[in-house]
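Engineer: Before I ask anything, let me first share the structure, which is written out below as structure tokens.
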Amino acid sequence: MKRNFTSLLLYFFLIFTSNTFSQNKTDVLNAFSNRIFAGKDYQSLQDLKWKFKTEGKIFSSPIAQNGTVYIGSEDGYFYAVDEKSGNLKWKFKTSGAVHSSASLYNDTVYFGSFDGHYYALNTKTGKEIWRFKTKGEHWYSEIGMWDMKPSDLLMADLWDFYLSTPVIYLDHNSALAIFGSSDGNLYAVDAKTGSPKWNFQTKAAIHSTPILEKNTVYFGGWDGIFYALDCKTGKEKWKFSTEIKTGFTGIQASAAISDGIVYFGARDPYLFALDTETGKVIWKYNAENSWILSSAVIKDNTVYVGTSDTYALLALDAKTGEEKYRFKGNGYVYSSPAIAGNTIYFGDFSGNFFDLNLLSDGKESHIIPTENRTKYATSILNNNLLDFGFVAKQADLSSYAENKKVMDEFYKLGSIVSSPFINNDVIFYGSADGYLYAYNLRKEK
């Protein structure tokens, strides 16, 4: 009888601890770590459910949970929007643009702002729980970047759209929020209090979002180096250097991990597949002088990732790096794809949003343009394609100011660098036109 009672206690203990672990795991939600969603077959975008207007460009990516969608805007606000109606629930004002996407854990939402702080807010009320001050957040900058004029001007990189998103590492009864900073540090702080636990100094800004696998955190930075650190201590396990050359330096993409391989893109310009334990190269894919800012998604032994100047969504063999096919967009593909069932979703810099049937090898797709794209396409696009030289006309592109003017023209199209998020058969994404969009997905038959 005693043995049976002991066995019963052990059984309930195992069930309890198993449920507790599962609950903790599902409580953690991150805009870049969760890129594969529930679904079947091919579900194209059906109709606009609602759109929510902010007063600035949206470069960050939305995340949705428990009836609320969370998004940051260049207007300095972080928003909580009702998932069904698109009505504002609450907003939180920072003193800088919010280009960081959010993570959710235990009724807390985490994100960073260009005001130099990372925040933890109550998801239901928007009340601040804590803030952590870095040594400053800013666009990656160089004096006389790429030999542009004037040579003594400190120039912000015009394609540095994002700030790092905090990720949550759980260890028994403790939780760490881990994020990169423009000051070159990867920080780990107590997720409940914001008190610092450790930091790891690199040689340049870190604007990518870290990824966690077991007890290791992986990330790359503007120094062109990809790192693997111990989550608990911040000690380096290994590092891998990409090539350093003018215009082709830095890692902005977040990584993805599958079957002991970590995948990430760089500006150098390659997509890399490294062994997670050793950092040794398994393969690398030459992106034809195209940066890879998009974060990869892996499904059915295929790596899907966007490119810049070739305007492509690539489908690569996950084991060999061999190209299976590519789908051509109309502009730079910086948006990180989302997959639901047999459909992949992503946006491009020309303001188009695509859904693509994964079983069609890139042949079956559907496009939703932003309203601004429809309005300005004929005057800004060249044969419906983004064309830097076409917009610049006779301007001197060795001038930084002229390059910025071209980018501002592109933004009029409603450029999409935000990565989509799917919840309850609705897909959400942001645009440089300032809108958070919610589209219904076609119901499965």
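Naming scheme: A, B, ... for chains in displayed order of the structure tokens; residues 1 onward per chain; ligands 1 onward as shown.
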Just want the 7 Å neighbourhood of segment 146-155 of chain A, counted on only C-alpha atoms, with same-chain residues fewer than 2 positions away dropped. Output as a PyMOL selection string.
Structural biologist: chain A and resi 141-144+157+246-247+398-400
Engineer: Using only C-alpha atoms, which protein or nucleic acid residues come within 9 Å of Thr216 of chain A? Drop anything in the same chain fewer than 6 positions from it, and give the result as a count of residues only.
Structural biologist: 6
Engineer: Would you give me, as a PyMOL selection string, the residues in segment 175-309 of chain A that DSSP reads as strand (DSSP E or B)?
Structural biologist: chain A and resi 175-180+185-190+196-201+211-213+216-220+225-230+236-241+256-258+261-265+270-275+281-286+297-299+302-306
Engineer: Mind dumping the selected residues with C-alpha atoms as an mmCIF file, in the first residue's frame?
Structural biologist:
```cif
data_model
loop_
_atom_site.group_PDB
_atom_site.id
_atom_site.type_symbol
_atom_site.label_atom_id
_atom_site.label_comp_id
_atom_site.auth_asym_id
_atom_site.auth_seq_id
_atom_site.Cartn_x
_atom_site.Cartn_y
_atom_site.Cartn_z
ATOM 1 C CA ALA A 175 13.959 34.054 -16.128
ATOM 2 C CA LEU A 176 16.346 36.288 -18.056
ATOM 3 C CA ALA A 177 15.521 38.861 -20.728
ATOM 4 C CA ILE A 178 18.400 38.836 -23.243
ATOM 5 C CA PHE A 179 18.821 41.527 -25.914
ATOM 6 C CA GLY A 180 21.424 43.345 -27.975
ATOM 7 C CA ASN A 185 26.688 44.755 -25.545
ATOM 8 C CA LEU A 186 24.460 41.732 -25.334
ATOM 9 C CA TYR A 187 22.627 42.170 -22.026
ATOM 10 C CA ALA A 188 20.948 39.641 -19.768
ATOM 11 C CA VAL A 189 18.665 41.111 -17.106
ATOM 12 C CA ASP A 190 16.244 39.619 -14.613
ATOM 13 C CA PRO A 196 21.479 43.229 -14.726
ATOM 14 C CA LYS A 197 22.864 39.683 -14.557
ATOM 15 C CA TRP A 198 25.620 39.740 -17.188
ATOM 16 C CA ASN A 199 26.711 41.504 -20.357
ATOM 17 C CA PHE A 200 28.947 40.523 -23.264
ATOM 18 C CA GLN A 201 30.852 43.233 -25.137
ATOM 19 C CA ILE A 211 17.894 33.055 -30.554
ATOM 20 C CA LEU A 212 17.985 30.497 -27.751
ATOM 21 C CA GLU A 213 18.630 26.782 -28.052
ATOM 22 C CA THR A 216 23.068 28.699 -25.631
ATOM 23 C CA VAL A 217 22.241 32.113 -27.061
ATOM 24 C CA TYR A 218 23.193 32.808 -30.693
ATOM 25 C CA PHE A 219 23.420 36.235 -32.332
ATOM 26 C CA GLY A 220 25.341 38.370 -34.813
ATOM 27 C CA ILE A 225 30.821 38.252 -36.106
ATOM 28 C CA PHE A 226 28.334 35.550 -35.137
ATOM 29 C CA TYR A 227 28.532 34.452 -31.486
ATOM 30 C CA ALA A 228 27.435 31.527 -29.330
ATOM 31 C CA LEU A 229 27.315 32.274 -25.576
ATOM 32 C CA ASP A 230 26.305 30.415 -22.445
ATOM 33 C CA GLU A 236 31.674 32.781 -25.108
ATOM 34 C CA LYS A 237 31.419 29.226 -26.470
ATOM 35 C CA TRP A 238 32.560 30.023 -30.022
ATOM 36 C CA LYS A 239 32.437 32.740 -32.646
ATOM 37 C CA PHE A 240 32.439 32.851 -36.430
ATOM 38 C CA SER A 241 33.632 35.798 -38.539
ATOM 39 C CA ALA A 256 17.128 30.127 -37.026
ATOM 40 C CA ILE A 257 17.983 26.687 -35.674
ATOM 41 C CA SER A 258 16.929 23.237 -36.879
ATOM 42 C CA ILE A 261 22.293 23.618 -37.523
ATOM 43 C CA VAL A 262 22.111 27.389 -37.031
ATOM 44 C CA TYR A 263 21.235 29.432 -40.138
ATOM 45 C CA PHE A 264 21.801 33.167 -40.544
ATOM 46 C CA GLY A 265 22.324 35.700 -43.309
ATOM 47 C CA TYR A 270 26.126 34.824 -47.768
ATOM 48 C CA LEU A 271 23.617 32.686 -45.943
ATOM 49 C CA PHE A 272 25.518 30.441 -43.531
ATOM 50 C CA ALA A 273 24.724 27.056 -42.032
ATOM 51 C CA LEU A 274 26.914 26.322 -39.001
ATOM 52 C CA ASP A 275 27.114 23.437 -36.556
ATOM 53 C CA VAL A 281 30.657 25.800 -41.546
ATOM 54 C CA ILE A 282 28.407 23.105 -42.986
ATOM 55 C CA TRP A 283 27.627 25.148 -46.104
ATOM 56 C CA LYS A 284 27.246 28.733 -47.269
ATOM 57 C CA TYR A 285 25.100 30.139 -50.053
ATOM 58 C CA ASN A 286 26.317 33.002 -52.246
ATOM 59 C CA VAL A 297 12.484 29.951 -41.637
ATOM 60 C CA ILE A 298 12.973 26.186 -41.961
ATOM 61 C CA LYS A 299 10.246 23.718 -42.899
ATOM 62 C CA THR A 302 13.880 23.724 -46.829
ATOM 63 C CA VAL A 303 15.289 27.077 -45.742
ATOM 64 C CA TYR A 304 13.246 30.103 -46.826
ATOM 65 C CA VAL A 305 14.875 33.540 -46.676
ATOM 66 C CA GLY A 306 14.641 36.929 -48.417
#
```
Engineer: List as JSON, numbers by chain the protein and nucleic acid residues near Glu74 of chain A, meaning an atom at most 8 Å away when only C-alpha atoms are counted, but skip any in the same chain fewer than 2 places from it.
Structural biologist: {"A": [55, 56, 57, 58, 59, 72, 76, 77, 96, 97, 98, 99]}
Engineer: Any chance you could tabulate, as CSV, the residues of segment 367-427 of chain A at most 10 Å from segment 349-362 of chain A with each one's nearest atom pair and distance in Å to one decimal, using only C-alpha atoms, in chain and rising number order?
Structural biologist:
```
residue,atom,partner,partner_atom,distance
A:Ile367,CA,A:Phe354,CA,4.7
A:Ile368,CA,A:Phe353,CA,5.1
A:Pro369,CA,A:Asn352,CA,4.4
A:Thr370,CA,A:Gly351,CA,5.6
A:Glu371,CA,A:Gly351,CA,8.7
A:Asn372,CA,A:Gly351,CA,7.8
A:Arg373,CA,A:Gly351,CA,5.6
A:Thr374,CA,A:Gly351,CA,8.8
A:Ala377,CA,A:Ser350,CA,8.4
A:Ile380,CA,A:Ser350,CA,9.3
A:Leu381,CA,A:Ser350,CA,8.0
A:Asn384,CA,A:Ser350,CA,8.7
A:Leu385,CA,A:Ser350,CA,7.4
A:Leu386,CA,A:Ser350,CA,6.2
A:Asp387,CA,A:Ser350,CA,9.8
A:Phe410,CA,A:Ser350,CA,7.0
A:Tyr411,CA,A:Phe349,CA,8.0
A:Lys412,CA,A:Gly351,CA,8.9
A:Leu413,CA,A:Gly351,CA,5.4
A:Gly414,CA,A:Gly351,CA,4.8
A:Ser415,CA,A:Phe349,CA,4.2
A:Ile416,CA,A:Phe349,CA,5.3
A:Val417,CA,A:Phe349,CA,6.6
A:Ser418,CA,A:Phe349,CA,9.9
A:Pro420,CA,A:Phe353,CA,9.6
```
Engineer: Which is closest to Ser290 of chain A among A:Glu277, A:Asp309, A:Asp396, A:Glu402, if we use only C-alpha atoms?
Structural biologist: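 Among A:Glu277, A:Asp309, A:Asp396, A:Glu402, it is A:Asp309 that comes nearest to Ser290 of chain A.
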Engineer: What is the atom CA of Tyr105 of chain A to atom CA of Lys127 of chain A distance in Å?
Structural biologist: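 Between atom CA of Tyr105 of chain A and atom CA of Lys127 of chain A the gap is 15.1 Å.
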Engineer: For Val81 of chain A, work out the shell of residues within 10 Å, counting only C-alpha atoms and skipping chain neighbours fewer than 2 positions away, then give it as a ChimeraX atom specification.
Structural biologist: /A:52,64,67-71,78-79,83-91,436
Engineer: Contacts of Phe428 of chain A at 9 Å or less, counting only C-alpha atoms, minus same-chain residues fewer than 3 places along, as a compact mmCIF listing (two decimals) with N, CA and C atoms, in the first residue's frame?
Structural biologist:
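The file below, out_33.txt, is the result:
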```txt
# COMPACT_ATOMS: atom_id res chain seq x y z
N SER A 61 7.96 44.31 -35.84
CA SER A 61 7.03 43.24 -36.22
C SER A 61 5.99 43.04 -35.12
N PRO A 62 4.75 42.75 -35.51
CA PRO A 62 3.69 42.55 -34.51
C PRO A 62 3.79 41.19 -33.85
N ILE A 63 3.13 41.09 -32.71
CA ILE A 63 2.98 39.81 -32.01
C ILE A 63 1.60 39.83 -31.37
N ALA A 64 0.92 38.68 -31.34
CA ALA A 64 -0.47 38.63 -30.86
C ALA A 64 -0.66 37.50 -29.87
N VAL A 69 -2.95 42.54 -30.08
CA VAL A 69 -1.80 42.63 -30.97
C VAL A 69 -0.90 43.75 -30.45
N SER A 419 7.83 41.89 -40.14
CA SER A 419 7.59 40.46 -40.39
C SER A 419 6.20 40.07 -39.90
N PRO A 420 5.46 39.31 -40.70
CA PRO A 420 4.06 39.01 -40.36
C PRO A 420 3.93 38.03 -39.19
N PHE A 421 2.81 38.13 -38.50
CA PHE A 421 2.46 37.23 -37.40
C PHE A 421 1.04 36.76 -37.62
N ILE A 422 0.78 35.48 -37.34
CA ILE A 422 -0.53 34.88 -37.62
C ILE A 422 -1.17 34.41 -36.32
N ASN A 423 -2.45 34.72 -36.16
CA ASN A 423 -3.20 34.25 -35.00
C ASN A 423 -4.68 34.18 -35.37
N LEU A 436 -0.72 49.32 -39.11
CA LEU A 436 -0.70 47.91 -38.76
C LEU A 436 -1.89 47.29 -39.47
N TYR A 437 -1.62 46.31 -40.33
CA TYR A 437 -2.68 45.69 -41.13
C TYR A 437 -3.08 44.35 -40.53
N ALA A 438 -4.38 44.04 -40.62
CA ALA A 438 -4.90 42.73 -40.23
C ALA A 438 -5.75 42.21 -41.39
N TYR A 439 -5.32 41.09 -41.99
CA TYR A 439 -6.05 40.47 -43.09
C TYR A 439 -6.56 39.10 -42.68
```
Engineer: Between A:Val28, A:Ile292, A:Ala315, A:Val167, single out the one closest to Phe111 of chain A, counting only C-alpha atoms.
Structural biologist: A:Val167
Engineer: Please list as a count of residues only every residue within 7 Å of Asp115 of chain A, counting only C-alpha atoms and excluding residues in the same chain fewer than 6 positions away.
Structural biologist: 4
Engineer: Which residue out of A:Ser33, A:Asp160, A:Trp50, A:Asn173 has the minimum interatomic distance to Leu104 of chain A when only C-alpha atoms are used?
Structural biologist: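 Looking only at the distances to Leu104 of chain A, the closest residue turns out to be A:Ser33.
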Engineer: For atom CA of His207 of chain A and atom CA of Ile339 of chain A, determine how far apart the two atoms are, in Å to one decimal place.
Structural biologist: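 Separation of atom CA of His207 of chain A and atom CA of Ile339 of chain A: 23.7 Å.
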